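Student: Below you will find the structure I want to go over with you.
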Amino acid sequence: MLRNNKGIALAISFLVITVLLILATVFILRSVGEKSAADRERKSIQAFYLAEAGGNEALNRLNVLINTDLMFTVNSTNPQVLANNVRSYVNAGNGLAFLVNYTKEGAVAQFTLNGNVASSSGQLTNLGQGTYQYIISVTQNGNPVTVATDVWDFPYNYKATSTGTVAGSSRKVISSGDFTVRVQHDNFARYALFDVHHSSPSGGDVWFKNTTNFSGPLHTNDRYRFYGNPSGTFNGAVAQHLTTAKFFNSGNNILLDADRNGDIDVPIFNDEYQRGVNEINLESSVTQQDLRDQAQGGVGGSYDDGIYVNNSGGNVIGGIYIKGDSTVEMGKDANNNATYRIVQGTTTKNITVDYTNNRTTVQTVSGPTDVYNGKPDGIDNLGNIIYVDGAVNSLSGLVQKDSQVTVSSQSDIVISNHITYEEYNPSQGVPGQAGYVPPNADGKTNLLGILSWGGDVMIGTSAPNDINIHGSVMARNGIFTVDDYANRCYGNPVGGCGTATLLGGAITDFYGAFGTFWSANGNPRSGYGRNFVYDERMAQGTAPPYFPSMRTFVAFTNDITDKITWQEGGI
Amino acid sequence: MAIDKKASKLLLISAVSFVVFFSVIIISVNNWLKQALKEETLPVQPVPANESDKPKYRQAPIGVVSEQMPLSGTTAGVKKSIIPEKTAGSGKNESKESIEEPVMPAGVLAN
């Protein structure tokens, strides 16, 4: 029993201290708990973003696997071997085997086949405070099909599963969709300029100079020639087979393995300029006889001079076949139908193609008018085909908006006036100057091929200044040039005939001249400056109907990301 | 109730000691929390090398499935453009006509 109250303060102090210690402990425990919860939430969010990053990379990787690895393997395989193998895959309905066997990097297969799933895994990648890893799984979306001879489609489904992990916290993102791989012959229309020999047929130099502008890819099996500063503007990849380029060098021509000659000759490359690349063989899988057959509808034999739209039972069975030299003027009528006014000798025919009613009307001037079912789009119905066994002495006019047509000739084709698409987006600004926006026909249907098998394609002497030509030009064994380029517009105060703008591309054996200039100062003297604009549609596998293709094959897809389904799934 | 001087001193010392001790703990925990939360930031998604590499789809909110929309006007699929290799042939021209190249005057070049 206590004898007095001494020591009560000590007891109270301990009591207070005990209570405060309890409160402090609760506070600390709560703080630690909240910190722990915040850590978990933060790690989860970090893991999600990492998973999403992996998903994005997986889609990019799939694009590389198909449009780079598969494309390269297919393109570098012997065409006959490739065709035989692809046919066997198609016949067996085994699209996955094609994918696994032809998607390679350095001969190493990039997909692993497990049952009916082909998989390709990405490496574990560190990013921020965590890691991500993805796996791409591909299955067949139906059997591969033969679209036409030497054209096949391989349909697939894909699922890209990406997992992000941060300090033990994981999240998963799944992207899925489908795509179709098209295998077909490579085509020449994908060049703004392709020439085997980058010189005139006699070996003379034809120079790139300040009035030369290219928007799109260039390739030559020869070397390019550059004059002056600037010596042209190139808004696309430029490639040549030889390792040195030729520079004018103020008259003392010089060969250099360089993309400029000091400050004397300076081309402007807004993309890469590669030298020493492999040659591309102009040999085509399509022959002149193939196009003749398509135009004749398979009706061979001897033809007299004239204009023929072969038919059977009231149906057009081929294209438009012309025997003898002729002129062709394209256009449209009051009902927006495509028209072709063709003159051969003393015969003139107005051929109207009605796309709405799938009907072709052939009106012979001072003669009968016949109406047929169908369009003059050849045996394979790829698009309108006009084949001339002779020369086309005049080609001009408007390509109606629904028309895809190739004008093919055994001999020369002379462009006598503007040739334009009915639907296209006009250019803005001045070629070669800042802010210039070249014309384009993206998303439009109208398409033209101008193809000379044995002659040249020429801009004729009656053509206007600043001419516009919309179409892909191919002079299989000749040049694309300006007739009388050394005298056309000579003495014109502004110097020459202005600029010839091509929306499409030029594929030729030699490089034809468009004009001349004074070597002392580079000023235009005669002919045209050159503004070649690549038609971007050609990069997507599009080409004018029956346009010649290379013997080699390509494989590509352009619809991986067109309809992705995306979902987040926890682990 | 009277409290002797010794008890008062002890109480005062205890209270001051506890306040100091508690303050030190609070400040330490507070600093630790601030430091811990400050050091760790959310990671940034990797940026594609260029815009064309960027997957063209819209991101859905977390946990929501979305139908992706193409950003450009390009259409899926490809066009027929090739005809079969039905006949053997070299593809060479059947005839070749070419224009004569003009002789250039001195000081004149072709472009």
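Here's how to read the names in the structure tokens: chain A, B, ... by the order shown, residue numbers from 1 in each chain, ligand numbers from 1 in the order shown.
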Applying 8 Å and only C-alpha atoms, which residues near Pro464 in chain A remain after dropping the ones on its own chain fewer than 3 positions away? List them as a VMD selection string.

Tutor: chain A and resid 417 to 418 467 497

Student: Residues of the last selection are to be written out with all heavy atoms, as a PDB file, in the first residue's frame.

Tutor:
```pdb
ATOM      1  N   ASN A 417      -0.091  15.400-127.023  1.00  0.00           N
ATOM      2  CA  ASN A 417      -0.740  16.430-126.202  1.00  0.00           C
ATOM      3  C   ASN A 417      -0.798  15.916-124.763  1.00  0.00           C
ATOM      4  O   ASN A 417      -0.356  14.794-124.484  1.00  0.00           O
ATOM      5  CB  ASN A 417      -2.143  16.726-126.740  1.00  0.00           C
ATOM      6  CG  ASN A 417      -2.602  18.142-126.405  1.00  0.00           C
ATOM      7  OD1 ASN A 417      -2.138  18.737-125.427  1.00  0.00           O
ATOM      8  ND2 ASN A 417      -3.501  18.674-127.211  1.00  0.00           N
ATOM      9  N   HIS A 418      -1.355  16.731-123.885  1.00  0.00           N
ATOM     10  CA  HIS A 418      -1.456  16.294-122.494  1.00  0.00           C
ATOM     11  C   HIS A 418      -2.192  14.950-122.399  1.00  0.00           C
ATOM     12  O   HIS A 418      -3.154  14.687-123.134  1.00  0.00           O
ATOM     13  CB  HIS A 418      -2.237  17.316-121.657  1.00  0.00           C
ATOM     14  CG  HIS A 418      -1.578  18.661-121.563  1.00  0.00           C
ATOM     15  ND1 HIS A 418      -0.404  18.873-120.897  1.00  0.00           N
ATOM     16  CD2 HIS A 418      -1.951  19.869-122.075  1.00  0.00           C
ATOM     17  CE1 HIS A 418      -0.071  20.157-120.971  1.00  0.00           C
ATOM     18  NE2 HIS A 418      -0.997  20.784-121.697  1.00  0.00           N
ATOM     19  N   ILE A 467       4.150  20.186-120.511  1.00  0.00           N
ATOM     20  CA  ILE A 467       3.213  19.091-120.758  1.00  0.00           C
ATOM     21  C   ILE A 467       3.050  18.214-119.509  1.00  0.00           C
ATOM     22  O   ILE A 467       3.989  18.042-118.717  1.00  0.00           O
ATOM     23  CB  ILE A 467       3.700  18.230-121.950  1.00  0.00           C
ATOM     24  CG1 ILE A 467       2.621  17.222-122.360  1.00  0.00           C
ATOM     25  CG2 ILE A 467       5.024  17.541-121.627  1.00  0.00           C
ATOM     26  CD1 ILE A 467       2.937  16.490-123.654  1.00  0.00           C
ATOM     27  N   CYS A 497      11.070  24.537-123.429  1.00  0.00           N
ATOM     28  CA  CYS A 497       9.607  24.358-123.459  1.00  0.00           C
ATOM     29  C   CYS A 497       9.013  24.255-122.064  1.00  0.00           C
ATOM     30  O   CYS A 497       7.891  23.805-121.903  1.00  0.00           O
ATOM     31  CB  CYS A 497       9.254  23.090-124.223  1.00  0.00           C
ATOM     32  SG  CYS A 497      10.001  22.907-125.840  1.00  0.00           S
TER      33      CYS A 497
END
```

Student: Please determine the contact residues of chain A with respect to chain B at a cut-off of 6 Å, counting only C-alpha atoms, and supply them as a PyMOL selection string.

Tutor: chain A and resi 9+13+46+53+128+149+206-207+285-287+453-455+513-519+542-543+545-546+559+562-568

Student: Which neighbours of Ile320 in chain A fall inside 10 Å, counting only C-alpha atoms, when residues of the same chain fewer than 3 positions from it are skipped, and could you give them as an NGL selection string?

Tutor: :A and (292 or 294-297 or 307-310 or 316-317 or 340 or 342 or 351 or 375-378 or 384-388 or 407)

Student: Which distance in Å separates CA of Thr211 in chain A and CA of Pro524 in chain A, to one decimal?

Tutor: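 CA of Thr211 in chain A sits 8.3 Å away from CA of Pro524 in chain A.
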
Student: So that I can see what lies close to Tyr156 in chain A, please list as a PDB file with C-alpha atoms, in the first residue's frame the residues with an atom at most 12 Å from it, counting only C-alpha atoms and leaving out residues fewer than 4 positions away in the same chain.

Tutor:
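What landed in result04.pdb:
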```
ATOM      1  CA  LEU A  62       5.138  -8.819 -87.953  1.00  0.00           C
ATOM      2  CA  ILE A  66       6.329 -10.364 -93.937  1.00  0.00           C
ATOM      3  CA  ASN A  94      -0.710 -25.495 -96.455  1.00  0.00           C
ATOM      4  CA  GLY A  95      -0.165 -21.780 -96.065  1.00  0.00           C
ATOM      5  CA  LEU A  96       1.692 -22.168 -92.784  1.00  0.00           C
ATOM      6  CA  PHE A  98       4.987 -21.435 -96.913  1.00  0.00           C
ATOM      7  CA  LEU A  99       5.164 -18.898 -94.103  1.00  0.00           C
ATOM      8  CA  ASN A 116      -1.455 -25.518 -86.696  1.00  0.00           C
ATOM      9  CA  VAL A 117       0.182 -22.444 -85.189  1.00  0.00           C
ATOM     10  CA  ALA A 118       3.328 -20.705 -86.414  1.00  0.00           C
ATOM     11  CA  SER A 137       1.078 -16.517 -83.290  1.00  0.00           C
ATOM     12  CA  VAL A 138      -0.145 -17.022 -86.854  1.00  0.00           C
ATOM     13  CA  THR A 139      -2.802 -19.439 -88.057  1.00  0.00           C
ATOM     14  CA  GLN A 140      -4.376 -19.994 -91.458  1.00  0.00           C
ATOM     15  CA  ASN A 141      -7.472 -17.992 -92.290  1.00  0.00           C
ATOM     16  CA  GLY A 142      -8.660 -20.407 -94.938  1.00  0.00           C
ATOM     17  CA  ASN A 143      -6.716 -22.157 -97.646  1.00  0.00           C
ATOM     18  CA  PRO A 144      -4.354 -20.271 -99.976  1.00  0.00           C
ATOM     19  CA  SER A 176      -5.200  -9.725 -83.133  1.00  0.00           C
ATOM     20  CA  GLY A 177      -6.306  -9.409 -86.729  1.00  0.00           C
ATOM     21  CA  ASP A 178      -5.805 -10.890 -90.155  1.00  0.00           C
ATOM     22  CA  PHE A 179      -3.761 -10.244 -93.255  1.00  0.00           C
ATOM     23  CA  THR A 180      -3.259 -11.692 -96.705  1.00  0.00           C
ATOM     24  CA  VAL A 181       0.098 -12.285 -98.317  1.00  0.00           C
ATOM     25  CA  ARG A 182       0.051 -11.820-102.098  1.00  0.00           C
ATOM     26  CA  THR A 557       0.877  -7.607 -97.462  1.00  0.00           C
ATOM     27  CA  ASP A 559      -3.431  -4.977 -94.425  1.00  0.00           C
ATOM     28  CA  ILE A 560      -1.843  -6.053 -91.133  1.00  0.00           C
TER      29      ILE A 560
END
```

Student: Measure the distance from CA of Gln240 in chain A to CA of Asn253 in chain A in Å and round it to one decimal.

Tutor: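 These atoms are spaced 18.3 Å apart.
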
Student: List the spatial neighbours of Asn101 in chain A as a VMD selection string - criterion: any atom at most 10 Å away, only C-alpha atoms, same-chain residues fewer than 3 positions off excluded.

Tutor: chain A and resid 70 73 96 to 98 104 107 to 113

Student: Please dump the current selection as a PDB file, in the first residue's frame; keep N, CA and C atoms.

Tutor:
```pdb
ATOM      1  N   LEU A  70      10.155 -12.233 -95.459  1.00  0.00           N
ATOM      2  CA  LEU A  70       9.493 -13.103 -96.431  1.00  0.00           C
ATOM      3  C   LEU A  70       9.692 -12.566 -97.851  1.00  0.00           C
ATOM      4  N   THR A  73      13.287 -13.300 -99.085  1.00  0.00           N
ATOM      5  CA  THR A  73      13.511 -14.717 -99.393  1.00  0.00           C
ATOM      6  C   THR A  73      12.810 -15.105-100.690  1.00  0.00           C
ATOM      7  N   LEU A  96       0.732 -22.331 -93.878  1.00  0.00           N
ATOM      8  CA  LEU A  96       1.692 -22.168 -92.784  1.00  0.00           C
ATOM      9  C   LEU A  96       3.079 -22.657 -93.168  1.00  0.00           C
ATOM     10  N   ALA A  97       3.130 -23.724 -93.970  1.00  0.00           N
ATOM     11  CA  ALA A  97       4.438 -24.229 -94.402  1.00  0.00           C
ATOM     12  C   ALA A  97       5.147 -23.183 -95.251  1.00  0.00           C
ATOM     13  N   PHE A  98       4.391 -22.510 -96.111  1.00  0.00           N
ATOM     14  CA  PHE A  98       4.987 -21.435 -96.913  1.00  0.00           C
ATOM     15  C   PHE A  98       5.539 -20.347 -96.008  1.00  0.00           C
ATOM     16  N   LYS A 104      12.621 -15.887 -93.509  1.00  0.00           N
ATOM     17  CA  LYS A 104      13.958 -16.169 -92.988  1.00  0.00           C
ATOM     18  C   LYS A 104      14.787 -14.895 -92.909  1.00  0.00           C
ATOM     19  N   ALA A 107      18.992 -17.006 -93.645  1.00  0.00           N
ATOM     20  CA  ALA A 107      18.726 -18.446 -93.773  1.00  0.00           C
ATOM     21  C   ALA A 107      18.173 -19.068 -92.490  1.00  0.00           C
ATOM     22  N   VAL A 108      17.873 -18.251 -91.501  1.00  0.00           N
ATOM     23  CA  VAL A 108      17.310 -18.778 -90.259  1.00  0.00           C
ATOM     24  C   VAL A 108      15.805 -18.514 -90.240  1.00  0.00           C
ATOM     25  N   ALA A 109      15.031 -19.587 -90.104  1.00  0.00           N
ATOM     26  CA  ALA A 109      13.577 -19.446 -90.083  1.00  0.00           C
ATOM     27  C   ALA A 109      13.150 -18.615 -88.880  1.00  0.00           C
ATOM     28  N   GLN A 110      12.205 -17.728 -89.094  1.00  0.00           N
ATOM     29  CA  GLN A 110      11.764 -16.835 -88.035  1.00  0.00           C
ATOM     30  C   GLN A 110      10.492 -17.298 -87.352  1.00  0.00           C
ATOM     31  N   PHE A 111       9.807 -18.269 -87.963  1.00  0.00           N
ATOM     32  CA  PHE A 111       8.609 -18.829 -87.349  1.00  0.00           C
ATOM     33  C   PHE A 111       8.873 -20.278 -86.974  1.00  0.00           C
ATOM     34  N   THR A 112       8.280 -20.703 -85.885  1.00  0.00           N
ATOM     35  CA  THR A 112       8.344 -22.101 -85.464  1.00  0.00           C
ATOM     36  C   THR A 112       6.952 -22.697 -85.562  1.00  0.00           C
ATOM     37  N   LEU A 113       6.859 -23.826 -86.233  1.00  0.00           N
ATOM     38  CA  LEU A 113       5.552 -24.445 -86.425  1.00  0.00           C
ATOM     39  C   LEU A 113       5.268 -25.417 -85.290  1.00  0.00           C
TER      40      LEU A 113
END
```

Student: Using only C-alpha atoms, determine which residues lie at most 12 Å from Lys34 in chain B, disregarding the query and same-chain residues fewer than 6 positions distant; provide the list as a list of chain:residue names.

Tutor: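 Final neighbour list, sorted by chain and number: A:Ser31, A:Lys35, B:Ile27, B:Ser28, B:Glu40.
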
Student: Please measure the separation of CA of Lys349 in chain A and CA of Thr361 in chain A, giving the value in Å to one decimal.

Tutor: 9.9 Å

Student: Using DSSP on the backbone, list every residue of range 140-236 of chain A that comes out as strand (DSSP E or B), and give them as a PyMOL selection string.

Tutor: chain A and resi 140+145-148+151-166+169-187+193-195+206+208+212-215+218-220+225-226+233-234

Student: In terms of the shortest atom-to-atom distance over only C-alpha atoms, which of A:Phe14, A:Tyr273, A:Tyr89, A:Tyr132 is closest to Ala47 in chain A?

Tutor: A:Tyr132
